[in-house]
$ cat start08.cif   # mmCIF, C-alpha atoms
data_input
loop_
_atom_site.group_PDB
_atom_site.id
_atom_site.type_symbol
_atom_site.label_atom_id
_atom_site.label_comp_id
_atom_site.auth_asym_id
_atom_site.auth_seq_id
_atom_site.Cartn_x
_atom_site.Cartn_y
_atom_site.Cartn_z
ATOM 1 C CA MET A 200 -127.141 40.247 -2.846
ATOM 2 C CA GLY A 201 -126.385 39.423 0.818
ATOM 3 C CA ARG A 202 -123.376 41.779 0.899
ATOM 4 C CA THR A 203 -125.442 44.619 -0.607
ATOM 5 C CA ARG A 204 -128.158 44.132 1.996
ATOM 6 C CA GLN A 205 -125.535 44.141 4.779
ATOM 7 C CA ASN A 206 -123.963 47.337 3.443
ATOM 8 C CA ASP A 207 -127.413 48.886 3.155
ATOM 9 C CA LYS A 208 -128.197 48.215 6.831
ATOM 10 C CA ARG A 209 -124.767 49.395 7.912
ATOM 11 C CA ASN A 210 -125.145 52.612 5.884
ATOM 12 C CA ARG A 211 -128.634 53.174 7.285
ATOM 13 C CA LEU A 212 -127.248 52.839 10.798
ATOM 14 C CA ILE A 213 -124.470 55.362 10.086
ATOM 15 C CA GLN A 214 -126.873 57.820 8.478
ATOM 16 C CA ALA A 215 -129.366 57.449 11.330
ATOM 17 C CA ALA A 216 -126.602 57.995 13.888
ATOM 18 C CA ASP A 217 -125.403 61.038 11.962
ATOM 19 C CA GLN A 218 -128.895 62.550 11.967
ATOM 20 C CA LEU A 219 -129.573 61.788 15.628
ATOM 21 C CA ILE A 220 -126.207 63.121 16.776
ATOM 22 C CA ARG A 221 -126.883 66.297 14.832
ATOM 23 C CA GLU A 222 -130.416 66.711 16.176
ATOM 24 C CA LYS A 223 -129.630 65.742 19.780
ATOM 25 C CA ASN A 224 -125.988 65.091 20.539
ATOM 26 C CA TYR A 225 -123.708 62.098 20.849
ATOM 27 C CA VAL A 226 -124.178 61.503 24.578
ATOM 28 C CA SER A 227 -128.003 61.458 24.348
ATOM 29 C CA THR A 228 -128.065 59.181 21.319
ATOM 30 C CA THR A 229 -128.343 55.519 22.247
ATOM 31 C CA LEU A 230 -127.894 52.400 20.159
ATOM 32 C CA ALA A 231 -131.627 51.796 20.588
ATOM 33 C CA HIS A 232 -132.393 55.231 19.104
ATOM 34 C CA ILE A 233 -130.070 54.544 16.182
ATOM 35 C CA ALA A 234 -131.562 51.110 15.543
ATOM 36 C CA GLU A 235 -135.100 52.474 15.616
ATOM 37 C CA ALA A 236 -134.282 55.379 13.284
ATOM 38 C CA ALA A 237 -132.562 53.007 10.847
ATOM 39 C CA SER A 238 -135.385 50.422 11.039
ATOM 40 C CA VAL A 239 -132.880 47.774 12.093
ATOM 41 C CA PRO A 240 -133.561 45.435 15.037
ATOM 42 C CA LEU A 241 -131.402 46.432 18.018
ATOM 43 C CA GLY A 242 -129.780 43.001 18.180
ATOM 44 C CA ASN A 243 -128.596 43.368 14.591
ATOM 45 C CA VAL A 244 -126.729 46.583 15.385
ATOM 46 C CA TYR A 245 -124.063 44.533 17.188
ATOM 47 C CA TYR A 246 -123.421 42.593 14.004
ATOM 48 C CA TYR A 247 -122.170 45.807 12.392
ATOM 49 C CA PHE A 248 -120.840 47.746 15.380
ATOM 50 C CA LYS A 249 -119.627 46.417 18.720
ATOM 51 C CA THR A 250 -119.984 49.777 20.464
ATOM 52 C CA LYS A 251 -121.527 53.193 20.053
ATOM 53 C CA ASP A 252 -117.984 54.561 19.733
ATOM 54 C CA GLU A 253 -117.487 52.482 16.575
ATOM 55 C CA ILE A 254 -120.553 54.114 15.071
ATOM 56 C CA LEU A 255 -119.183 57.520 16.092
ATOM 57 C CA ASP A 256 -115.959 56.784 14.203
ATOM 58 C CA CYS A 257 -118.047 56.035 11.112
ATOM 59 C CA VAL A 258 -120.135 59.194 11.569
ATOM 60 C CA ILE A 259 -116.964 61.300 11.725
ATOM 61 C CA GLN A 260 -115.706 59.597 8.560
ATOM 62 C CA TYR A 261 -119.117 60.069 6.912
ATOM 63 C CA ARG A 262 -119.048 63.795 7.691
ATOM 64 C CA ALA A 263 -115.468 64.111 6.468
ATOM 65 C CA GLU A 264 -116.424 62.467 3.165
ATOM 66 C CA ALA A 265 -119.506 64.693 2.840
ATOM 67 C CA LEU A 266 -117.375 67.786 3.499
ATOM 68 C CA THR A 267 -114.811 66.663 0.910
ATOM 69 C CA THR A 268 -117.561 66.073 -1.646
ATOM 70 C CA PHE A 269 -119.070 69.486 -0.966
ATOM 71 C CA LEU A 270 -115.746 71.332 -1.134
ATOM 72 C CA ASP A 271 -114.841 69.443 -4.316
ATOM 73 C CA SER A 272 -118.140 70.592 -5.842
ATOM 74 C CA LEU A 273 -116.914 74.172 -5.474
ATOM 75 C CA SER A 274 -113.917 73.448 -7.702
ATOM 76 C CA THR A 275 -116.020 74.394 -10.729
ATOM 77 C CA LEU A 276 -115.688 78.005 -9.514
ATOM 78 C CA PRO A 277 -112.529 80.069 -9.870
ATOM 79 C CA PRO A 278 -110.201 79.561 -6.882
ATOM 80 C CA GLY A 279 -110.163 82.145 -4.145
ATOM 81 C CA VAL A 280 -112.952 84.605 -3.426
ATOM 82 C CA ALA A 281 -115.579 82.922 -5.637
ATOM 83 C CA ARG A 282 -115.192 79.635 -3.774
ATOM 84 C CA LEU A 283 -115.117 81.311 -0.364
ATOM 85 C CA LEU A 284 -118.252 83.286 -1.211
ATOM 86 C CA ALA A 285 -119.945 80.042 -2.267
ATOM 87 C CA LEU A 286 -119.019 78.527 1.084
ATOM 88 C CA VAL A 287 -120.543 81.501 2.906
ATOM 89 C CA ARG A 288 -123.683 81.202 0.748
ATOM 90 C CA HIS A 289 -123.949 77.508 1.608
ATOM 91 C CA TYR A 290 -123.975 78.260 5.321
ATOM 92 C CA THR A 291 -126.364 81.179 4.918
ATOM 93 C CA ASP A 292 -128.761 79.042 2.874
ATOM 94 C CA SER A 293 -128.858 76.487 5.696
ATOM 95 C CA GLY A 294 -129.682 79.141 8.321
ATOM 96 C CA GLU A 295 -133.041 77.640 9.327
ATOM 97 C CA GLN A 296 -131.430 74.239 9.878
ATOM 98 C CA VAL A 297 -128.577 75.834 11.817
ATOM 99 C CA ALA A 298 -131.113 77.685 13.995
ATOM 100 C CA ARG A 299 -132.662 74.325 14.915
ATOM 101 C CA PHE A 300 -129.612 72.085 15.298
ATOM 102 C CA GLY A 301 -126.428 74.137 14.974
ATOM 103 C CA CYS A 302 -123.430 73.352 12.817
ATOM 104 C CA GLU A 303 -122.921 69.640 12.295
ATOM 105 C CA ILE A 304 -119.152 70.079 12.331
ATOM 106 C CA GLY A 305 -118.818 72.674 15.089
ATOM 107 C CA ASN A 306 -121.304 71.028 17.446
ATOM 108 C CA LEU A 307 -119.651 67.626 17.167
ATOM 109 C CA CYS A 308 -116.166 69.063 17.684
ATOM 110 C CA HIS A 309 -117.412 71.053 20.668
ATOM 111 C CA GLU A 310 -119.151 68.109 22.311
ATOM 112 C CA LEU A 311 -116.313 65.655 21.804
ATOM 113 C CA SER A 312 -113.593 68.112 22.841
ATOM 114 C CA LYS A 313 -115.041 68.159 26.356
ATOM 115 C CA ASN A 314 -113.993 64.538 26.784
ATOM 116 C CA SER A 315 -110.783 64.858 24.751
ATOM 117 C CA GLY A 316 -109.351 61.519 23.701
ATOM 118 C CA GLN A 317 -109.204 59.966 20.266
ATOM 119 C CA HIS A 318 -112.723 60.981 19.214
ATOM 120 C CA ALA A 319 -112.003 64.640 19.918
ATOM 121 C CA GLU A 320 -108.878 64.388 17.771
ATOM 122 C CA LYS A 321 -110.751 62.630 14.971
ATOM 123 C CA ALA A 322 -113.559 65.207 15.005
ATOM 124 C CA SER A 323 -111.080 68.096 15.036
ATOM 125 C CA VAL A 324 -109.928 66.880 11.631
ATOM 126 C CA LEU A 325 -113.243 68.159 10.254
ATOM 127 C CA LEU A 326 -112.482 71.750 11.243
ATOM 128 C CA THR A 327 -108.871 71.327 10.164
ATOM 129 C CA GLN A 328 -110.083 70.126 6.771
ATOM 130 C CA LEU A 329 -112.245 73.229 6.394
ATOM 131 C CA ILE A 330 -109.478 75.603 7.526
ATOM 132 C CA ASP A 331 -106.954 73.929 5.187
ATOM 133 C CA TRP A 332 -109.310 74.298 2.232
ATOM 134 C CA CYS A 333 -109.914 77.962 3.053
ATOM 135 C CA GLN A 334 -106.176 78.518 3.444
ATOM 136 C CA LYS A 335 -105.645 77.204 -0.092
ATOM 137 C CA GLN A 336 -108.251 79.652 -1.359
ATOM 138 C CA PHE A 337 -106.478 82.566 0.308
ATOM 139 C CA GLU A 338 -103.112 81.347 -0.995
ATOM 140 C CA SER A 339 -104.562 81.387 -4.515
ATOM 141 C CA MET A 340 -104.987 85.138 -4.012
ATOM 142 C CA ASN A 341 -101.190 85.605 -3.759
ATOM 143 C CA THR A 342 -101.246 85.537 0.032
ATOM 144 C CA SER A 343 -98.309 83.981 1.894
ATOM 145 C CA PRO A 344 -99.044 80.602 3.519
ATOM 146 C CA GLU A 345 -98.694 82.155 6.993
ATOM 147 C CA ASP A 346 -101.085 85.025 6.248
ATOM 148 C CA ALA A 347 -103.447 82.664 4.419
ATOM 149 C CA LEU A 348 -103.643 80.463 7.514
ATOM 150 C CA VAL A 349 -104.449 83.477 9.715
ATOM 151 C CA MET A 350 -107.137 84.616 7.260
ATOM 152 C CA ALA A 351 -108.598 81.099 6.939
ATOM 153 C CA THR A 352 -108.768 80.697 10.704
ATOM 154 C CA TYR A 353 -110.473 84.085 11.059
ATOM 155 C CA PHE A 354 -112.892 83.215 8.274
ATOM 156 C CA VAL A 355 -113.881 79.799 9.685
ATOM 157 C CA ALA A 356 -114.095 81.204 13.225
ATOM 158 C CA GLY A 357 -116.468 83.871 11.909
ATOM 159 C CA LEU A 358 -118.693 81.255 10.315
ATOM 160 C CA GLN A 359 -118.611 79.006 13.383
ATOM 161 C CA GLY A 360 -119.352 81.873 15.766
ATOM 162 C CA ALA A 361 -122.291 83.017 13.655
ATOM 163 C CA GLN A 362 -123.673 79.490 13.610
ATOM 164 C CA LEU A 363 -123.367 79.247 17.388
ATOM 165 C CA MET A 364 -125.254 82.524 17.831
ATOM 166 C CA THR A 365 -127.857 81.421 15.268
ATOM 167 C CA LEU A 366 -128.434 78.231 17.271
ATOM 168 C CA THR A 367 -128.384 79.965 20.655
ATOM 169 C CA PHE A 368 -130.900 82.622 19.687
ATOM 170 C CA LYS A 369 -132.772 80.445 17.164
ATOM 171 C CA ASP A 370 -132.421 83.284 14.676
ATOM 172 C CA PRO A 371 -130.830 82.872 11.212
ATOM 173 C CA THR A 372 -130.301 86.630 10.922
ATOM 174 C CA TYR A 373 -127.112 86.251 12.998
ATOM 175 C CA LEU A 374 -125.705 84.023 10.287
ATOM 176 C CA GLN A 375 -127.001 86.322 7.551
ATOM 177 C CA ARG A 376 -125.374 89.399 9.108
ATOM 178 C CA GLN A 377 -122.052 87.637 9.627
ATOM 179 C CA SER A 378 -122.198 86.312 6.077
ATOM 180 C CA ALA A 379 -122.642 89.865 4.807
ATOM 181 C CA ASN A 380 -119.659 90.955 6.914
ATOM 182 C CA LEU A 381 -117.515 88.128 5.572
ATOM 183 C CA ASN A 382 -118.591 88.953 2.005
ATOM 184 C CA ARG A 383 -117.452 92.571 2.479
ATOM 185 C CA TRP A 384 -114.207 91.408 4.079
ATOM 186 C CA LEU A 385 -113.547 89.019 1.165
ATOM 187 C CA GLN A 386 -114.250 91.710 -1.396
ATOM 188 C CA ALA A 387 -111.813 94.036 0.394
ATOM 189 C CA ALA A 388 -109.226 91.241 0.487
ATOM 190 C CA LEU A 389 -109.672 90.739 -3.241
ATOM 191 C CA GLU A 390 -109.125 94.434 -3.923
ATOM 192 C CA THR A 391 -105.885 94.477 -1.941
ATOM 193 C CA ALA A 392 -104.584 91.192 -3.388
#
$ encode --input "start08.cif" --output "C-alpha cells"
Amino acid sequence: MGRTRQNDKRNRLIQAADQLIREKNYVSTTLAHIAEAASVPLGNVYYYFKTKDEILDCVIQYRAEALTTFLDSLSTLPPGVARLLALVRHYTDSGEQVARFGCEIGNLCHELSKNSGQHAEKASVLLTQLIDWCQKQFESMNTSPEDALVMATYFVAGLQGAQLMTLTFKDPTYLQRQSANLNRWLQAALETA
C-alpha cells in the first residue's frame, strides 16, 4: 500500500509538471507550482525529485511514452497513407488546444534547444520519434529510405509549422488549412506510389 501511494504522488507530480510546462513553459514552472497542482506538500517533492531538472527528465519520458502509445494505436489502420492521415486528423482535432498552448512536443523542443545541453538532446528524441514513425509509413508505400526520410521531415515540419502559426495567431484555421494541404499531398503521393 505504501509503495502504491508513493507511486501515486510521484505520478501526480509528473503529470502536474507536464501540464504546467505545456500551459506555461519549463522556465516559468517552479517546484512550488508543481507541488500545488499535484496537491503534494512542497517539502515532499524533494522525496521524489532532488531538482526540477529531474522532473523534466520524467516529463520528457512521459511524453515519449504517450507518443508511443498514440502511434501504436494507429497500427490498427493500414500502414502508409491511412496512418499518416490519422495523424493529421489527430492534430487538426486538437486545434483549439494548440491555439491556446501550442504543440506539446514542438514547444518543449524549442524551449529546451535554446539552452542546448542534455535536456535539449533528450527532448529532440520526441521529434525524432515522430519523424522515424512517419518515415516508416512512407517506406511502406514503396519509397526508398532516403526519400521516405525527406518526405517524413517535410510532413512533420508542415505539422509543426502549422501548430506554431495556430498558437501565434490563436486561430485553429491555420492548422486546418495545412492539414488539408497535407491530405492532398498524401493523396498525390499515394497515386504516384
$ closest_residue --input "start08.cif" --among "A:Thr365, A:Asn380, A:Asn341, A:Gly242" --to "A:Val287" --atoms "all atoms listed in the file"
A:Asn380
$ resolve_selection --input "start08.cif" --expression "the PyMOL selection byres ((chain A and resi 273) around 12)" --output "short mmCIF file (atom, residue, chain, number, x, y, z; two decimals) with C-alpha atoms, in the frame of the given file"
data_model
loop_
_atom_site.label_atom_id
_atom_site.label_comp_id
_atom_site.auth_asym_id
_atom_site.auth_seq_id
_atom_site.Cartn_x
_atom_site.Cartn_y
_atom_site.Cartn_z
CA LEU A 266 -117.38 67.79 3.50
CA THR A 267 -114.81 66.66 0.91
CA THR A 268 -117.56 66.07 -1.65
CA PHE A 269 -119.07 69.49 -0.97
CA LEU A 270 -115.75 71.33 -1.13
CA ASP A 271 -114.84 69.44 -4.32
CA SER A 272 -118.14 70.59 -5.84
CA SER A 274 -113.92 73.45 -7.70
CA THR A 275 -116.02 74.39 -10.73
CA LEU A 276 -115.69 78.00 -9.51
CA PRO A 277 -112.53 80.07 -9.87
CA PRO A 278 -110.20 79.56 -6.88
CA GLY A 279 -110.16 82.14 -4.14
CA VAL A 280 -112.95 84.60 -3.43
CA ALA A 281 -115.58 82.92 -5.64
CA ARG A 282 -115.19 79.64 -3.77
CA LEU A 283 -115.12 81.31 -0.36
CA LEU A 284 -118.25 83.29 -1.21
CA ALA A 285 -119.94 80.04 -2.27
CA LEU A 286 -119.02 78.53 1.08
CA VAL A 287 -120.54 81.50 2.91
CA ARG A 288 -123.68 81.20 0.75
CA HIS A 289 -123.95 77.51 1.61
CA TRP A 332 -109.31 74.30 2.23
CA CYS A 333 -109.91 77.96 3.05
CA GLN A 336 -108.25 79.65 -1.36
#
$ closest_residue --input "start08.cif" --among "A:Leu325, A:Asn306, A:Gly294, A:Asp217" --to "A:Glu264" --atoms "all atoms listed in the file"
A:Leu325
$ closest_residue --input "start08.cif" --among "A:Asn210, A:Gln377, A:Ser339, A:Gln260" --to "A:Ala237" --atoms "only C-alpha atoms"
A:Asn210
$ resolve_selection --input "start08.cif" --expression "the PyMOL selection byres ((chain A and resi 230) around 9)" --output "number ranges by chain"
A: 216, 228-229, 231-235, 241, 244, 250-251
$ residues_around --input "start08.cif" --residues "A:Lys369" --least-positions-apart "3" --cutoff "7 Å" --atoms "only C-alpha atoms" --output "list of chain:residue names"
A:Ala298, A:Arg299, A:Thr365, A:Leu366
$ write_last_selection --input "start08.cif" --atoms "C-alpha atoms" --output "compact mmCIF listing (two decimals), in the coordinates of the input"
# COMPACT_ATOMS: atom_id res chain seq x y z
CA ALA A 298 -131.11 77.68 14.00
CA ARG A 299 -132.66 74.32 14.92
CA THR A 365 -127.86 81.42 15.27
CA LEU A 366 -128.43 78.23 17.27
$ closest_residue --input "start08.cif" --among "A:Ile259, A:Leu374, A:Asn224, A:Arg209" --to "A:Tyr245" --atoms "all atoms listed in the file"
A:Arg209
$ atom_distance --input "start08.cif" --atom1 "atom CA of A:Leu363" --atom2 "atom CA of A:Thr327"
18.0 Å
$ axis_aligned_box --input "start08.cif" --around "stretch 322-339 of chain A" --padding-each-side "5 Å" --output "JSON"
{"center_x": -108.3, "center_y": 73.9, "center_z": 5.3, "size_x": 20.4, "size_y": 27.4, "size_z": 29.6}
$ residues_near_point --input "start08.cif" --point "(-107.7, 84.7, 6.9)" --cutoff "10 Å" --atoms "all atoms listed in the file" --output "list of chain:residue names"
A:Ile330, A:Cys333, A:Gln334, A:Gln336, A:Phe337, A:Glu338, A:Thr342, A:Glu345, A:Asp346, A:Ala347, A:Leu348, A:Val349, A:Met350, A:Ala351, A:Thr352, A:Tyr353, A:Phe354, A:Val355, A:Ala356, A:Trp384, A:Leu385, A:Ala388
$ residues_around --input "start08.cif" --residues "A:Val258" --least-positions-apart "6" --cutoff "10 Å" --atoms "all atoms listed in the file" --output "NGL selection string"
:A and (212-218 or 220 or 252 or 264 or 322)
$ residues_near_point --input "start08.cif" --point "(-124.1, 72.0, 9.5)" --cutoff "10 Å" --atoms "only C-alpha atoms" --output "list in words"
Arg221, Arg262, Leu266, His289, Tyr290, Ser293, Gly294, Gln296, Val297, Phe300, Gly301, Cys302, Glu303, Ile304, Gly305, Asn306, Leu307, Gln359 and Gln362 of chain A
$ write_last_selection --input "start08.cif" --atoms "C-alpha atoms" --output "PDB file, keeping the file's coordinate frame"
ATOM      1  CA  ARG A 221    -126.883  66.297  14.832  1.00  0.00           C
ATOM      2  CA  ARG A 262    -119.048  63.795   7.691  1.00  0.00           C
ATOM      3  CA  LEU A 266    -117.375  67.786   3.499  1.00  0.00           C
ATOM      4  CA  HIS A 289    -123.949  77.508   1.608  1.00  0.00           C
ATOM      5  CA  TYR A 290    -123.975  78.260   5.321  1.00  0.00           C
ATOM      6  CA  SER A 293    -128.858  76.487   5.696  1.00  0.00           C
ATOM      7  CA  GLY A 294    -129.682  79.141   8.321  1.00  0.00           C
ATOM      8  CA  GLN A 296    -131.430  74.239   9.878  1.00  0.00           C
ATOM      9  CA  VAL A 297    -128.577  75.834  11.817  1.00  0.00           C
ATOM     10  CA  PHE A 300    -129.612  72.085  15.298  1.00  0.00           C
ATOM     11  CA  GLY A 301    -126.428  74.137  14.974  1.00  0.00           C
ATOM     12  CA  CYS A 302    -123.430  73.352  12.817  1.00  0.00           C
ATOM     13  CA  GLU A 303    -122.921  69.640  12.295  1.00  0.00           C
ATOM     14  CA  ILE A 304    -119.152  70.079  12.331  1.00  0.00           C
ATOM     15  CA  GLY A 305    -118.818  72.674  15.089  1.00  0.00           C
ATOM     16  CA  ASN A 306    -121.304  71.028  17.446  1.00  0.00           C
ATOM     17  CA  LEU A 307    -119.651  67.626  17.167  1.00  0.00           C
ATOM     18  CA  GLN A 359    -118.611  79.006  13.383  1.00  0.00           C
ATOM     19  CA  GLN A 362    -123.673  79.490  13.610  1.00  0.00           C
TER      20      GLN A 362
END
$ decode --input "start08.cif" --residues "stretch 296-346 of chain A" --atoms "C-alpha atoms" --output "tab-separated table (two decimals), in the first residue's frame"
chain	number	residue	atom	x	y	z
A	296	GLN	CA	-5.84	23.27	-27.57
A	297	VAL	CA	-2.97	24.07	-29.93
A	298	ALA	CA	-4.30	27.63	-30.32
A	299	ARG	CA	-4.09	28.04	-26.54
A	300	PHE	CA	-0.85	26.24	-25.68
A	301	GLY	CA	0.92	25.15	-28.86
A	302	CYS	CA	2.33	21.73	-29.62
A	303	GLU	CA	3.48	19.89	-26.52
A	304	ILE	CA	6.36	18.32	-28.43
A	305	GLY	CA	7.41	21.27	-30.58
A	306	ASN	CA	7.19	23.85	-27.80
A	307	LEU	CA	9.28	21.78	-25.41
A	308	CYS	CA	11.92	21.06	-28.05
A	309	HIS	CA	12.02	24.73	-28.99
A	310	GLU	CA	12.35	25.97	-25.42
A	311	LEU	CA	15.00	23.46	-24.39
A	312	SER	CA	17.04	23.84	-27.59
A	313	LYS	CA	17.80	27.44	-26.62
A	314	ASN	CA	19.86	26.17	-23.70
A	315	SER	CA	21.20	23.10	-25.53
A	316	GLY	CA	22.68	20.51	-23.20
A	317	GLN	CA	21.35	17.11	-22.27
A	318	HIS	CA	17.72	18.18	-21.91
A	319	ALA	CA	17.66	19.59	-25.43
A	320	GLU	CA	19.03	16.29	-26.72
A	321	LYS	CA	16.50	14.28	-24.72
A	322	ALA	CA	13.59	16.41	-25.92
A	323	SER	CA	14.77	16.21	-29.54
A	324	VAL	CA	14.15	12.47	-29.31
A	325	LEU	CA	10.43	13.26	-29.31
A	326	LEU	CA	10.58	14.87	-32.76
A	327	THR	CA	12.96	12.17	-33.95
A	328	GLN	CA	10.48	9.54	-32.79
A	329	LEU	CA	7.71	11.21	-34.79
A	330	ILE	CA	9.86	11.62	-37.91
A	331	ASP	CA	11.04	7.99	-37.69
A	332	TRP	CA	7.46	6.74	-37.44
A	333	CYS	CA	6.42	8.86	-40.43
A	334	GLN	CA	9.43	7.63	-42.39
A	335	LYS	CA	8.29	4.04	-41.84
A	336	GLN	CA	4.86	4.97	-43.17
A	337	PHE	CA	6.36	6.45	-46.32
A	338	GLU	CA	8.65	3.43	-46.73
A	339	SER	CA	5.57	1.20	-46.61
A	340	MET	CA	4.47	3.00	-49.78
A	341	ASN	CA	7.48	1.60	-51.70
A	342	THR	CA	9.53	4.75	-51.15
A	343	SER	CA	13.30	4.44	-50.69
A	344	PRO	CA	14.54	5.06	-47.13
A	345	GLU	CA	16.28	8.27	-48.26
A	346	ASP	CA	13.19	9.66	-49.99
